[in-house]
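Structure file structure.pdb with PDB, C-alpha atoms and all ligand atoms:
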ATOM      1  CA  MET A   1      79.153  45.433  63.278
ATOM      2  CA  GLN A   2      77.327  43.896  66.211
ATOM      3  CA  VAL A   3      73.819  42.492  65.731
ATOM      4  CA  ARG A   4      71.790  43.761  68.696
ATOM      5  CA  LYS A   5      68.205  43.316  67.586
ATOM      6  CA  ALA A   6      66.029  40.449  66.439
ATOM      7  CA  VAL A   7      62.581  40.499  64.905
ATOM      8  CA  ILE A   8      60.195  37.600  65.449
ATOM      9  CA  PRO A   9      57.299  37.628  62.962
ATOM     10  CA  ALA A  10      54.256  36.098  64.649
ATOM     11  CA  ALA A  11      51.312  37.509  62.733
ATOM     12  CA  GLY A  12      50.643  34.781  60.165
ATOM     13  CA  TRP A  13      47.299  33.058  59.682
ATOM     14  CA  GLY A  14      48.740  29.639  60.472
ATOM     15  CA  THR A  15      46.427  27.928  58.004
ATOM     16  CA  ARG A  16      48.308  24.626  58.246
ATOM     17  CA  PHE A  17      47.274  24.489  61.865
ATOM     18  CA  LEU A  18      43.564  25.194  61.417
ATOM     19  CA  PRO A  19      41.209  24.978  63.174
ATOM     20  CA  VAL A  20      43.107  25.850  66.378
ATOM     21  CA  THR A  21      44.585  28.991  64.763
ATOM     22  CA  ARG A  22      41.091  30.464  64.272
ATOM     23  CA  ALA A  23      41.267  31.617  67.864
ATOM     24  CA  TYR A  24      44.833  31.056  68.991
ATOM     25  CA  PRO A  25      48.149  32.088  67.427
ATOM     26  CA  LYS A  26      50.319  29.088  66.575
ATOM     27  CA  GLU A  27      53.265  30.878  68.207
ATOM     28  CA  LEU A  28      51.660  30.127  71.577
ATOM     29  CA  LEU A  29      51.445  26.391  70.910
ATOM     30  CA  PRO A  30      53.762  24.640  73.371
ATOM     31  CA  LEU A  31      56.582  22.166  73.051
ATOM     32  CA  VAL A  32      55.930  20.242  76.266
ATOM     33  CA  ASN A  33      54.962  23.285  78.393
ATOM     34  CA  LYS A  34      56.871  26.124  76.700
ATOM     35  CA  PRO A  35      55.305  28.134  73.856
ATOM     36  CA  LEU A  36      57.102  28.538  70.552
ATOM     37  CA  ILE A  37      57.372  32.296  71.037
ATOM     38  CA  GLN A  38      59.338  31.802  74.266
ATOM     39  CA  ILE A  39      61.630  29.261  72.600
ATOM     40  CA  ALA A  40      62.348  31.849  69.881
ATOM     41  CA  VAL A  41      63.016  34.640  72.396
ATOM     42  CA  GLU A  42      65.312  32.342  74.388
ATOM     43  CA  GLU A  43      67.280  31.554  71.217
ATOM     44  CA  ALA A  44      67.726  35.294  70.665
ATOM     45  CA  VAL A  45      68.948  35.781  74.235
ATOM     46  CA  ALA A  46      71.295  32.784  74.013
ATOM     47  CA  SER A  47      72.776  34.373  70.869
ATOM     48  CA  GLY A  48      73.536  37.679  72.598
ATOM     49  CA  ILE A  49      70.605  39.677  71.185
ATOM     50  CA  GLU A  50      69.727  42.668  73.382
ATOM     51  CA  GLU A  51      66.329  43.647  72.036
ATOM     52  CA  VAL A  52      63.495  41.654  70.490
ATOM     53  CA  ILE A  53      60.698  43.042  68.341
ATOM     54  CA  ILE A  54      57.696  40.765  67.930
ATOM     55  CA  VAL A  55      55.372  41.382  64.975
ATOM     56  CA  VAL A  56      51.796  40.505  65.881
ATOM     57  CA  ALA A  57      48.464  40.637  64.083
ATOM     58  CA  ALA A  58      46.583  43.810  64.993
ATOM     59  CA  GLU A  59      43.778  41.986  66.799
ATOM     60  CA  CYS A  60      46.016  39.541  68.679
ATOM     61  CA  SER A  61      46.630  40.452  72.309
ATOM     62  CA  ALA A  62      47.538  36.955  73.538
ATOM     63  CA  ILE A  63      51.193  37.171  72.458
ATOM     64  CA  ARG A  64      51.550  40.707  73.831
ATOM     65  CA  ASN A  65      50.211  39.465  77.167
ATOM     66  CA  TYR A  66      52.448  36.422  77.409
ATOM     67  CA  PHE A  67      55.634  38.131  78.680
ATOM     68  CA  ARG A  68      53.807  40.672  80.889
ATOM     69  CA  PRO A  69      54.619  40.586  84.598
ATOM     70  CA  ILE A  70      51.912  38.917  86.720
ATOM     71  CA  PRO A  71      52.934  39.951  90.270
ATOM     72  CA  GLU A  72      50.026  38.162  91.967
ATOM     73  CA  LEU A  73      51.104  34.844  90.385
ATOM     74  CA  GLY A  74      54.569  35.251  91.928
ATOM     75  CA  VAL A  75      52.970  35.950  95.339
ATOM     76  CA  LEU A  76      50.721  32.885  95.024
ATOM     77  CA  LEU A  77      53.611  30.582  94.078
ATOM     78  CA  GLU A  78      55.753  31.891  96.970
ATOM     79  CA  GLN A  79      52.852  31.369  99.393
ATOM     80  CA  ARG A  80      52.566  27.798  98.169
ATOM     81  CA  GLY A  81      56.276  27.346  98.825
ATOM     82  CA  ASP A  82      57.154  26.951  95.120
ATOM     83  CA  SER A  83      59.980  29.499  95.036
ATOM     84  CA  SER A  84      61.755  27.907  92.098
ATOM     85  CA  LEU A  85      58.677  28.186  89.843
ATOM     86  CA  ALA A  86      58.135  31.758  91.093
ATOM     87  CA  GLU A  87      61.759  32.549  90.167
ATOM     88  CA  GLU A  88      61.311  30.870  86.760
ATOM     89  CA  MET A  89      58.294  33.125  86.107
ATOM     90  CA  ARG A  90      60.253  36.253  87.140
ATOM     91  CA  CYS A  91      63.069  35.271  84.739
ATOM     92  CA  LEU A  92      60.562  34.790  81.923
ATOM     93  CA  GLU A  93      59.105  38.242  82.553
ATOM     94  CA  SER A  94      62.523  39.888  82.374
ATOM     95  CA  LEU A  95      64.246  37.757  79.713
ATOM     96  CA  VAL A  96      65.136  40.644  77.421
ATOM     97  CA  ARG A  97      63.741  43.982  76.245
ATOM     98  CA  ILE A  98      60.691  43.158  74.106
ATOM     99  CA  SER A  99      58.558  45.514  72.043
ATOM    100  CA  TYR A 100      55.614  44.784  69.774
ATOM    101  CA  VAL A 101      54.677  45.980  66.311
ATOM    102  CA  SER A 102      51.307  45.393  64.651
ATOM    103  CA  GLN A 103      51.198  44.118  61.094
ATOM    104  CA  CYS A 104      48.276  46.056  59.648
ATOM    105  CA  ALA A 105      47.359  43.250  57.206
ATOM    106  CA  ARG A 106      48.823  39.778  56.877
ATOM    107  CA  LEU A 107      50.590  40.365  53.593
ATOM    108  CA  GLY A 108      53.416  37.876  54.021
ATOM    109  CA  LEU A 109      56.776  37.451  55.745
ATOM    110  CA  GLY A 110      58.486  40.260  53.810
ATOM    111  CA  HIS A 111      55.723  42.650  54.828
ATOM    112  CA  ALA A 112      55.948  41.495  58.464
ATOM    113  CA  VAL A 113      59.686  42.325  58.518
ATOM    114  CA  LEU A 114      59.020  45.683  56.837
ATOM    115  CA  SER A 115      56.441  46.464  59.556
ATOM    116  CA  ALA A 116      59.291  46.441  62.089
ATOM    117  CA  ARG A 117      61.495  48.846  60.105
ATOM    118  CA  GLU A 118      61.178  51.781  62.477
ATOM    119  CA  ALA A 119      61.843  49.650  65.556
ATOM    120  CA  LEU A 120      64.845  47.952  63.925
ATOM    121  CA  GLY A 121      66.488  51.148  62.683
ATOM    122  CA  ASP A 122      69.522  51.426  60.457
ATOM    123  CA  GLU A 123      71.565  48.448  61.659
ATOM    124  CA  PRO A 124      71.856  44.739  60.836
ATOM    125  CA  PHE A 125      69.314  42.539  62.585
ATOM    126  CA  ALA A 126      68.294  38.923  62.990
ATOM    127  CA  VAL A 127      64.996  37.300  61.997
ATOM    128  CA  ILE A 128      63.792  34.245  63.902
ATOM    129  CA  LEU A 129      60.713  32.402  62.666
ATOM    130  CA  PRO A 130      59.170  30.753  65.718
ATOM    131  CA  ASP A 131      57.585  27.984  63.659
ATOM    132  CA  ASP A 132      61.054  26.604  62.855
ATOM    133  CA  VAL A 133      62.550  25.217  66.056
ATOM    134  CA  VAL A 134      66.183  24.134  65.983
ATOM    135  CA  ASP A 135      67.497  21.628  68.490
ATOM    136  CA  SER A 136      71.255  22.218  68.704
ATOM    137  CA  SER A 137      73.964  22.598  71.321
ATOM    138  CA  GLU A 138      74.872  26.048  69.980
ATOM    139  CA  SER A 139      71.889  28.060  68.756
ATOM    140  CA  ALA A 140      71.465  28.291  64.990
ATOM    141  CA  LEU A 141      71.524  32.076  65.281
ATOM    142  CA  SER A 142      74.873  32.100  67.161
ATOM    143  CA  GLN A 143      76.406  29.931  64.451
ATOM    144  CA  MET A 144      75.118  32.363  61.819
ATOM    145  CA  LEU A 145      76.353  35.427  63.715
ATOM    146  CA  ARG A 146      79.895  34.073  63.431
ATOM    147  CA  ILE A 147      79.507  33.836  59.654
ATOM    148  CA  PHE A 148      78.139  37.388  59.597
ATOM    149  CA  CYS A 149      81.282  38.591  61.436
ATOM    150  CA  ASP A 150      83.646  36.565  59.248
ATOM    151  CA  TYR A 151      82.115  37.300  55.846
ATOM    152  CA  GLY A 152      80.374  40.648  56.408
ATOM    153  CA  GLY A 153      77.116  40.190  54.500
ATOM    154  CA  SER A 154      73.572  39.000  55.154
ATOM    155  CA  VAL A 155      73.384  35.341  56.203
ATOM    156  CA  LEU A 156      70.563  32.883  55.576
ATOM    157  CA  GLY A 157      70.023  29.666  57.514
ATOM    158  CA  VAL A 158      69.679  26.800  55.022
ATOM    159  CA  GLU A 159      69.357  23.041  55.050
ATOM    160  CA  SER A 160      69.148  20.269  52.522
ATOM    161  CA  ILE A 161      65.452  19.760  51.800
ATOM    162  CA  LYS A 162      63.859  16.507  50.643
ATOM    163  CA  THR A 163      62.959  16.618  46.953
ATOM    164  CA  ALA A 164      59.266  16.130  47.717
ATOM    165  CA  ASP A 165      59.223  19.256  49.912
ATOM    166  CA  ILE A 166      61.371  21.609  47.841
ATOM    167  CA  GLN A 167      58.357  23.438  46.411
ATOM    168  CA  ARG A 168      57.506  24.782  49.865
ATOM    169  CA  TYR A 169      60.815  26.631  50.380
ATOM    170  CA  GLY A 170      62.871  29.542  49.137
ATOM    171  CA  VAL A 171      65.854  27.862  47.447
ATOM    172  CA  ILE A 172      69.370  29.209  46.792
ATOM    173  CA  ARG A 173      71.914  28.635  44.048
ATOM    174  CA  PRO A 174      75.052  28.160  46.122
ATOM    175  CA  GLU A 175      78.736  28.630  45.536
ATOM    176  CA  THR A 176      80.540  26.919  48.379
ATOM    177  CA  VAL A 177      83.106  29.185  50.054
ATOM    178  CA  GLY A 178      83.775  27.402  53.362
ATOM    179  CA  ALA A 179      82.734  24.520  55.585
ATOM    180  CA  ARG A 180      78.929  24.504  55.293
ATOM    181  CA  VAL A 181      79.116  28.128  54.074
ATOM    182  CA  HIS A 182      77.908  29.195  50.627
ATOM    183  CA  ARG A 183      77.833  32.427  48.756
ATOM    184  CA  VAL A 184      74.310  32.859  47.389
ATOM    185  CA  ARG A 185      74.332  33.360  43.609
ATOM    186  CA  SER A 186      70.556  33.511  43.140
ATOM    187  CA  LEU A 187      67.320  32.669  44.966
ATOM    188  CA  ILE A 188      63.896  31.471  43.976
ATOM    189  CA  GLU A 189      60.772  31.154  46.097
ATOM    190  CA  LYS A 190      58.956  27.803  45.977
ATOM    191  CA  PRO A 191      60.510  26.517  42.736
ATOM    192  CA  SER A 192      59.071  23.623  40.829
ATOM    193  CA  LEU A 193      61.307  20.553  40.738
ATOM    194  CA  ASP A 194      62.440  21.110  37.152
ATOM    195  CA  ILE A 195      63.855  24.575  37.842
ATOM    196  CA  THR A 196      65.124  24.317  41.397
ATOM    197  CA  PRO A 197      68.745  25.553  41.520
ATOM    198  CA  SER A 198      69.699  23.191  44.411
ATOM    199  CA  GLN A 199      68.272  21.310  47.380
ATOM    200  CA  LEU A 200      69.301  24.052  49.833
ATOM    201  CA  GLY A 201      66.168  25.673  51.227
ATOM    202  CA  ILE A 202      66.006  28.712  53.484
ATOM    203  CA  VAL A 203      64.757  27.809  56.940
ATOM    204  CA  GLY A 204      63.541  30.191  59.626
ATOM    205  CA  ARG A 205      66.749  32.151  60.462
ATOM    206  CA  TYR A 206      68.185  35.247  58.784
ATOM    207  CA  ILE A 207      70.723  37.951  59.543
ATOM    208  CA  LEU A 208      69.950  40.908  57.329
ATOM    209  CA  THR A 209      71.473  44.281  56.570
ATOM    210  CA  PRO A 210      69.076  47.269  56.780
ATOM    211  CA  GLN A 211      69.170  47.704  52.972
ATOM    212  CA  ILE A 212      66.655  44.845  52.898
ATOM    213  CA  PHE A 213      63.886  47.321  53.803
ATOM    214  CA  ASP A 214      64.163  49.253  50.526
ATOM    215  CA  ALA A 215      64.286  45.934  48.692
ATOM    216  CA  ILE A 216      61.091  44.723  50.400
ATOM    217  CA  ALA A 217      59.395  48.034  49.678
ATOM    218  CA  ALA A 218      60.327  47.581  46.007
ATOM    219  CA  VAL A 219      58.878  44.078  45.540
ATOM    220  CA  GLY A 220      55.262  43.563  44.699
ATOM    221  CA  PRO A 221      53.161  40.589  45.736
ATOM    222  CA  GLY A 222      54.882  37.359  44.721
ATOM    223  CA  HIS A 223      54.064  33.690  45.214
ATOM    224  CA  GLY A 224      50.599  33.272  46.788
ATOM    225  CA  GLY A 225      49.971  37.027  46.499
ATOM    226  CA  GLU A 226      52.246  37.633  49.512
ATOM    227  CA  ILE A 227      55.190  40.027  49.810
ATOM    228  CA  GLN A 228      57.990  37.481  49.894
ATOM    229  CA  LEU A 229      61.234  38.037  51.761
ATOM    230  CA  THR A 230      62.987  35.779  49.231
ATOM    231  CA  ASP A 231      62.026  38.147  46.382
ATOM    232  CA  ALA A 232      63.479  41.079  48.341
ATOM    233  CA  LEU A 233      66.675  39.068  48.937
ATOM    234  CA  SER A 234      67.014  38.671  45.166
ATOM    235  CA  ILE A 235      66.979  42.467  44.836
ATOM    236  CA  LEU A 236      69.475  42.857  47.701
ATOM    237  CA  LEU A 237      71.766  40.382  45.956
ATOM    238  CA  GLU A 238      72.194  42.837  43.071
ATOM    239  CA  THR A 239      74.129  45.224  45.346
ATOM    240  CA  GLN A 240      75.438  43.129  48.278
ATOM    241  CA  PRO A 241      76.810  39.649  48.838
ATOM    242  CA  ILE A 242      74.578  37.213  50.713
ATOM    243  CA  TYR A 243      75.839  34.055  52.401
ATOM    244  CA  ALA A 244      74.109  30.915  53.574
ATOM    245  CA  LEU A 245      75.044  28.608  56.419
ATOM    246  CA  GLU A 246      73.999  24.983  56.785
ATOM    247  CA  PHE A 247      73.891  25.277  60.562
ATOM    248  CA  TYR A 248      74.356  22.294  62.863
ATOM    249  CA  GLY A 249      71.214  21.064  64.612
ATOM    250  CA  ARG A 250      67.943  19.339  63.955
ATOM    251  CA  ARG A 251      65.173  21.574  62.683
ATOM    252  CA  PHE A 252      61.501  20.915  63.249
ATOM    253  CA  ASP A 253      58.829  22.573  61.132
ATOM    254  CA  VAL A 254      56.481  23.112  64.043
ATOM    255  CA  GLY A 255      54.132  25.213  61.888
ATOM    256  CA  SER A 256      52.589  21.967  60.641
ATOM    257  CA  PRO A 257      50.828  19.456  62.903
ATOM    258  CA  LEU A 258      53.133  16.574  61.883
ATOM    259  CA  GLY A 259      56.331  18.555  62.500
ATOM    260  CA  TRP A 260      54.927  19.797  65.797
ATOM    261  CA  LEU A 261      54.080  16.248  66.934
ATOM    262  CA  GLU A 262      57.565  15.075  65.987
ATOM    263  CA  ALA A 263      59.155  17.926  67.965
ATOM    264  CA  GLN A 264      56.828  17.246  70.875
ATOM    265  CA  VAL A 265      58.148  13.685  71.091
ATOM    266  CA  ALA A 266      61.793  14.667  70.526
ATOM    267  CA  PHE A 267      61.706  17.323  73.263
ATOM    268  CA  GLY A 268      59.391  15.233  75.473
ATOM    269  CA  ILE A 269      61.637  12.171  75.691
ATOM    270  CA  ARG A 270      64.548  14.378  76.779
ATOM    271  CA  HIS A 271      62.560  16.359  79.320
ATOM    272  CA  SER A 272      64.084  16.225  82.813
ATOM    273  CA  GLU A 273      60.756  15.506  84.524
ATOM    274  CA  TYR A 274      58.719  13.607  81.929
ATOM    275  CA  GLY A 275      61.367  12.094  79.634
ATOM    276  CA  ASP A 276      61.803   8.642  81.209
ATOM    277  CA  ILE A 277      58.120   7.961  81.740
ATOM    278  CA  LEU A 278      57.183   9.250  78.272
ATOM    279  CA  ARG A 279      59.734   6.915  76.673
ATOM    280  CA  GLN A 280      58.201   3.957  78.517
ATOM    281  CA  LYS A 281      54.670   4.955  77.537
ATOM    282  CA  LEU A 282      55.652   5.395  73.893
ATOM    283  CA  ARG A 283      57.241   1.945  73.857
ATOM    284  CA  HIS A 284      53.946   0.479  75.053
ATOM    285  CA  MET A 285      51.920   2.477  72.571
ATOM    286  CA  VAL A 286      53.864   1.677  69.423
TER     287      VAL A 286
HETATM  288  P1  LIG A 301      54.430  30.949  57.434
HETATM  289  O1  LIG A 301      55.032  30.942  56.114
HETATM  290  O2  LIG A 301      54.552  29.734  58.267
HETATM  291  O3  LIG A 301      52.898  31.386  57.267
HETATM  292  O4  LIG A 301      55.053  32.164  58.208
HETATM  293  P2  LIG A 301      51.670  31.287  58.248
HETATM  294  O5  LIG A 301      50.592  32.114  57.677
HETATM  295  O6  LIG A 301      52.030  31.643  59.654
HETATM  296  O7  LIG A 301      51.297  29.737  58.268
HETATM  297  P3  LIG A 301      50.568  28.825  57.161
HETATM  298  O8  LIG A 301      51.596  28.588  56.093
HETATM  299  O9  LIG A 301      49.363  29.554  56.690
HETATM  300  O10 LIG A 301      50.240  27.594  57.936
HETATM  301  C1  LIG A 301      56.348  32.137  58.778
HETATM  302  C2  LIG A 301      56.386  33.101  59.954
HETATM  303  O11 LIG A 301      56.063  34.415  59.497
HETATM  304  C3  LIG A 301      54.966  34.941  60.214
HETATM  305  C4  LIG A 301      54.246  33.726  60.792
HETATM  306  O12 LIG A 301      53.540  34.068  61.967
HETATM  307  C5  LIG A 301      55.375  32.740  61.032
HETATM  308  O13 LIG A 301      55.973  32.949  62.297
HETATM  309  N1  LIG A 301      54.132  35.744  59.309
HETATM  310  C6  LIG A 301      53.711  35.226  58.117
HETATM  311  C7  LIG A 301      53.784  37.022  59.681
HETATM  312  O14 LIG A 301      54.175  37.515  60.765
HETATM  313  N2  LIG A 301      52.988  37.758  58.835
HETATM  314  C8  LIG A 301      52.547  37.281  57.651
HETATM  315  O15 LIG A 301      51.833  38.016  56.925
HETATM  316  C9  LIG A 301      52.917  35.972  57.282
END
What is this file in structure tokens?
Amino acid sequence: MQVRKAVIPAAGWGTRFLPVTRAYPKELLPLVNKPLIQIAVEEAVASGIEEVIIVVAAECSAIRNYFRPIPELGVLLEQRGDSSLAEEMRCLESLVRISYVSQCARLGLGHAVLSAREALGDEPFAVILPDDVVDSSESALSQMLRIFCDYGGSVLGVESIKTADIQRYGVIRPETVGARVHRVRSLIEKPSLDITPSQLGIVGRYILTPQIFDAIAAVGPGHGGEIQLTDALSILLETQPIYALEFYGRRFDVGSPLGWLEAQVAFGIRHSEYGDILRQKLRHMV
């Protein structure tokens, strides 16, 4: 079955990025000059997704406003003779069909996904977390969609996590079934080092069957008092197979200042306009 829709949860508090997130959603932080939310939407489009649902905090209008058409800006840019930037802005405004859902309270990632249930309907869908950016020639989501077609169950994006960081991730117990593909035997959210079932942590990309909604509705608050998607996946696993793909590409945890700075440099030094000069400046600085 084709995956047509993607949900992008963007309603979190972003406490790792305080104080800026007091007033500004981290999903609008830029890599060079492009906000994380746009990078996530572009990954969806590049993967063949036809409709995107963005989950926002009730009081946050900034993300809702970002993709809105601004006709007078187009007119201004044309008048200034900058047709290519005007065209770029028109493309941004018509990237894909986007709708918005409010998360009534920030109760965790599982709850954010559940908030989009009505908009997602009774079909498989993708989840893209905008604070995990993947730099790859083929999008992480496209790679995972192939596994979804081949194996026919939910697919989680995973990568090998450093031991010191394992307690920040949902971790799977894998049974390898193909090249970089694992059948998930069990999952645990933020395990301590002595009980972690492997080093494979779930990172920012999911393809889920709609049965996940009943599973989320059935879980109570888990780690940190939040409704955890990983806990719901454990319930789903009782009735359906779940697979995990170690996708190709370099992932940046841009939800933390250090990861964001690292991504900023990695994307900056490859930027068509600023790359060469930034590389020179960095050489002088370091
Ligand atoms: P994180 O786990 O990074 O949480 O969420 P967070 O609250 O945004 O950030 P920290 O950990 O406090 O710094 C992963 C994704 O899920 C969204 C976030 O916006 C982010 O894109 N999310 C999280 C929601 O939409 N709602 C929530 O209740 C929690």
Could you list, as a ChimeraX atom specification, all the residues within 8 Å of ligand LIG 301 (chain A), counting only C-alpha atoms and all ligand atoms?
-> /A:8-18,25-27,55-57,103,105-113,129-131,204,226,255-256
If you count all atoms listed in the file, the residue of A:Ile212, A:Leu114, A:Ala244, A:Leu29 closest to A:His182 turns out to be A:Ala244
To verify the selection step, state as a JSON list (two decimals) with C-alpha atoms, in the frame of the given file which residues the PyMOL selection byres (((chain A and resi 183-187) around 8) and not hetatm) yields on this input.
[["chain", "number", "residue", "atom", "x", "y", "z"],
["A", 170, "GLY", "CA", 62.87, 29.54, 49.14],
["A", 171, "VAL", "CA", 65.85, 27.86, 47.45],
["A", 172, "ILE", "CA", 69.37, 29.21, 46.79],
["A", 173, "ARG", "CA", 71.91, 28.64, 44.05],
["A", 174, "PRO", "CA", 75.05, 28.16, 46.12],
["A", 175, "GLU", "CA", 78.74, 28.63, 45.54],
["A", 176, "THR", "CA", 80.54, 26.92, 48.38],
["A", 177, "VAL", "CA", 83.11, 29.18, 50.05],
["A", 181, "VAL", "CA", 79.12, 28.13, 54.07],
["A", 182, "HIS", "CA", 77.91, 29.20, 50.63],
["A", 188, "ILE", "CA", 63.90, 31.47, 43.98],
["A", 189, "GLU", "CA", 60.77, 31.15, 46.10],
["A", 230, "THR", "CA", 62.99, 35.78, 49.23],
["A", 231, "ASP", "CA", 62.03, 38.15, 46.38],
["A", 233, "LEU", "CA", 66.68, 39.07, 48.94],
["A", 234, "SER", "CA", 67.01, 38.67, 45.17],
["A", 237, "LEU", "CA", 71.77, 40.38, 45.96],
["A", 241, "PRO", "CA", 76.81, 39.65, 48.84],
["A", 242, "ILE", "CA", 74.58, 37.21, 50.71],
["A", 243, "TYR", "CA", 75.84, 34.06, 52.40],
["A", 244, "ALA", "CA", 74.11, 30.92, 53.57]]
For the structure provided, state which residues fall under the PyMOL selection byres (((chain A and resi 38) around 10) and not hetatm), and present them as a ChimeraX atom specification.
-> /A:27-28,30,34-37,39-44,63,66-67,92,95,130
Resulting file, chosen residues, C-alpha atoms, as a compact mmCIF listing (two decimals), keeping the file's coordinate frame:
# COMPACT_ATOMS: atom_id res chain seq x y z
CA GLU A 27 53.26 30.88 68.21
CA LEU A 28 51.66 30.13 71.58
CA PRO A 30 53.76 24.64 73.37
CA LYS A 34 56.87 26.12 76.70
CA PRO A 35 55.30 28.13 73.86
CA LEU A 36 57.10 28.54 70.55
CA ILE A 37 57.37 32.30 71.04
CA ILE A 39 61.63 29.26 72.60
CA ALA A 40 62.35 31.85 69.88
CA VAL A 41 63.02 34.64 72.40
CA GLU A 42 65.31 32.34 74.39
CA GLU A 43 67.28 31.55 71.22
CA ALA A 44 67.73 35.29 70.67
CA ILE A 63 51.19 37.17 72.46
CA TYR A 66 52.45 36.42 77.41
CA PHE A 67 55.63 38.13 78.68
CA LEU A 92 60.56 34.79 81.92
CA LEU A 95 64.25 37.76 79.71
CA PRO A 130 59.17 30.75 65.72
Between atom CA of A:Val52 and atom CA of A:Ala6, what is the distance, to one decimal in Å?
->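 Rounded to one decimal, the two atoms are 4.9 Å apart.
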On this file, the PyMOL selection byres (((chain A and resi 101) around 8) and not hetatm) gives some set of residues; write that set as a list in words.
->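 What the PyMOL selection byres (((chain A and resi 101) around 8) and not hetatm) grabs from the file is Ile53, Ile54, Val55, Val56, Ser99, Tyr100, Ser102, Gln103, Ser115 and Ala116 of chain A.
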Coordinates-based distance that separates atom CA of A:Leu141 from atom CA of A:Ile166 (Å, one decimal) =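 Going from atom CA of A:Ile166 over to atom CA of A:Leu141 covers 22.7 Å.
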Identify the residues within 8 Å of coordinate (68.8, 20.3, 68.2) (same frame as the file), considering only C-alpha atoms, and give the answer as number ranges by chain.
-> A: 134-137, 248-251
Generate the missing atoms of stretch 64-75 of chain A up to N, CA, C and O atoms and report them as a PDB file, keeping the file's coordinate frame.
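Now in part_30.pdb:
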ATOM      1  N   ARG A  64      51.112  39.528  73.062  1.00  0.00           N
ATOM      2  CA  ARG A  64      51.550  40.707  73.831  1.00  0.00           C
ATOM      3  C   ARG A  64      51.450  40.439  75.331  1.00  0.00           C
ATOM      4  O   ARG A  64      52.259  40.926  76.116  1.00  0.00           O
ATOM      5  N   ASN A  65      50.429  39.694  75.731  1.00  0.00           N
ATOM      6  CA  ASN A  65      50.211  39.465  77.167  1.00  0.00           C
ATOM      7  C   ASN A  65      51.171  38.445  77.757  1.00  0.00           C
ATOM      8  O   ASN A  65      51.405  38.433  78.956  1.00  0.00           O
ATOM      9  N   TYR A  66      51.728  37.586  76.889  1.00  0.00           N
ATOM     10  CA  TYR A  66      52.448  36.422  77.409  1.00  0.00           C
ATOM     11  C   TYR A  66      53.630  36.799  78.309  1.00  0.00           C
ATOM     12  O   TYR A  66      53.836  36.196  79.366  1.00  0.00           O
ATOM     13  N   PHE A  67      54.414  37.806  77.906  1.00  0.00           N
ATOM     14  CA  PHE A  67      55.634  38.131  78.680  1.00  0.00           C
ATOM     15  C   PHE A  67      55.380  39.196  79.760  1.00  0.00           C
ATOM     16  O   PHE A  67      56.298  39.614  80.443  1.00  0.00           O
ATOM     17  N   ARG A  68      54.123  39.634  79.894  1.00  0.00           N
ATOM     18  CA  ARG A  68      53.807  40.672  80.889  1.00  0.00           C
ATOM     19  C   ARG A  68      53.994  40.155  82.302  1.00  0.00           C
ATOM     20  O   ARG A  68      53.658  39.002  82.592  1.00  0.00           O
ATOM     21  N   PRO A  69      54.507  41.019  83.201  1.00  0.00           N
ATOM     22  CA  PRO A  69      54.619  40.586  84.598  1.00  0.00           C
ATOM     23  C   PRO A  69      53.241  40.295  85.199  1.00  0.00           C
ATOM     24  O   PRO A  69      52.278  41.007  84.911  1.00  0.00           O
ATOM     25  N   ILE A  70      53.156  39.230  85.997  1.00  0.00           N
ATOM     26  CA  ILE A  70      51.912  38.917  86.720  1.00  0.00           C
ATOM     27  C   ILE A  70      52.306  38.812  88.205  1.00  0.00           C
ATOM     28  O   ILE A  70      52.541  37.704  88.713  1.00  0.00           O
ATOM     29  N   PRO A  71      52.409  39.958  88.902  1.00  0.00           N
ATOM     30  CA  PRO A  71      52.934  39.951  90.270  1.00  0.00           C
ATOM     31  C   PRO A  71      52.157  39.013  91.188  1.00  0.00           C
ATOM     32  O   PRO A  71      52.739  38.302  92.016  1.00  0.00           O
ATOM     33  N   GLU A  72      50.818  38.979  91.027  1.00  0.00           N
ATOM     34  CA  GLU A  72      50.026  38.162  91.967  1.00  0.00           C
ATOM     35  C   GLU A  72      50.308  36.667  91.794  1.00  0.00           C
ATOM     36  O   GLU A  72      50.177  35.894  92.742  1.00  0.00           O
ATOM     37  N   LEU A  73      50.748  36.253  90.595  1.00  0.00           N
ATOM     38  CA  LEU A  73      51.104  34.844  90.385  1.00  0.00           C
ATOM     39  C   LEU A  73      52.368  34.511  91.180  1.00  0.00           C
ATOM     40  O   LEU A  73      52.453  33.463  91.838  1.00  0.00           O
ATOM     41  N   GLY A  74      53.337  35.436  91.153  1.00  0.00           N
ATOM     42  CA  GLY A  74      54.569  35.251  91.928  1.00  0.00           C
ATOM     43  C   GLY A  74      54.245  35.110  93.410  1.00  0.00           C
ATOM     44  O   GLY A  74      54.772  34.211  94.094  1.00  0.00           O
ATOM     45  N   VAL A  75      53.350  35.983  93.921  1.00  0.00           N
ATOM     46  CA  VAL A  75      52.970  35.950  95.339  1.00  0.00           C
ATOM     47  C   VAL A  75      52.334  34.604  95.668  1.00  0.00           C
ATOM     48  O   VAL A  75      52.687  33.941  96.648  1.00  0.00           O
TER      49      VAL A  75
END
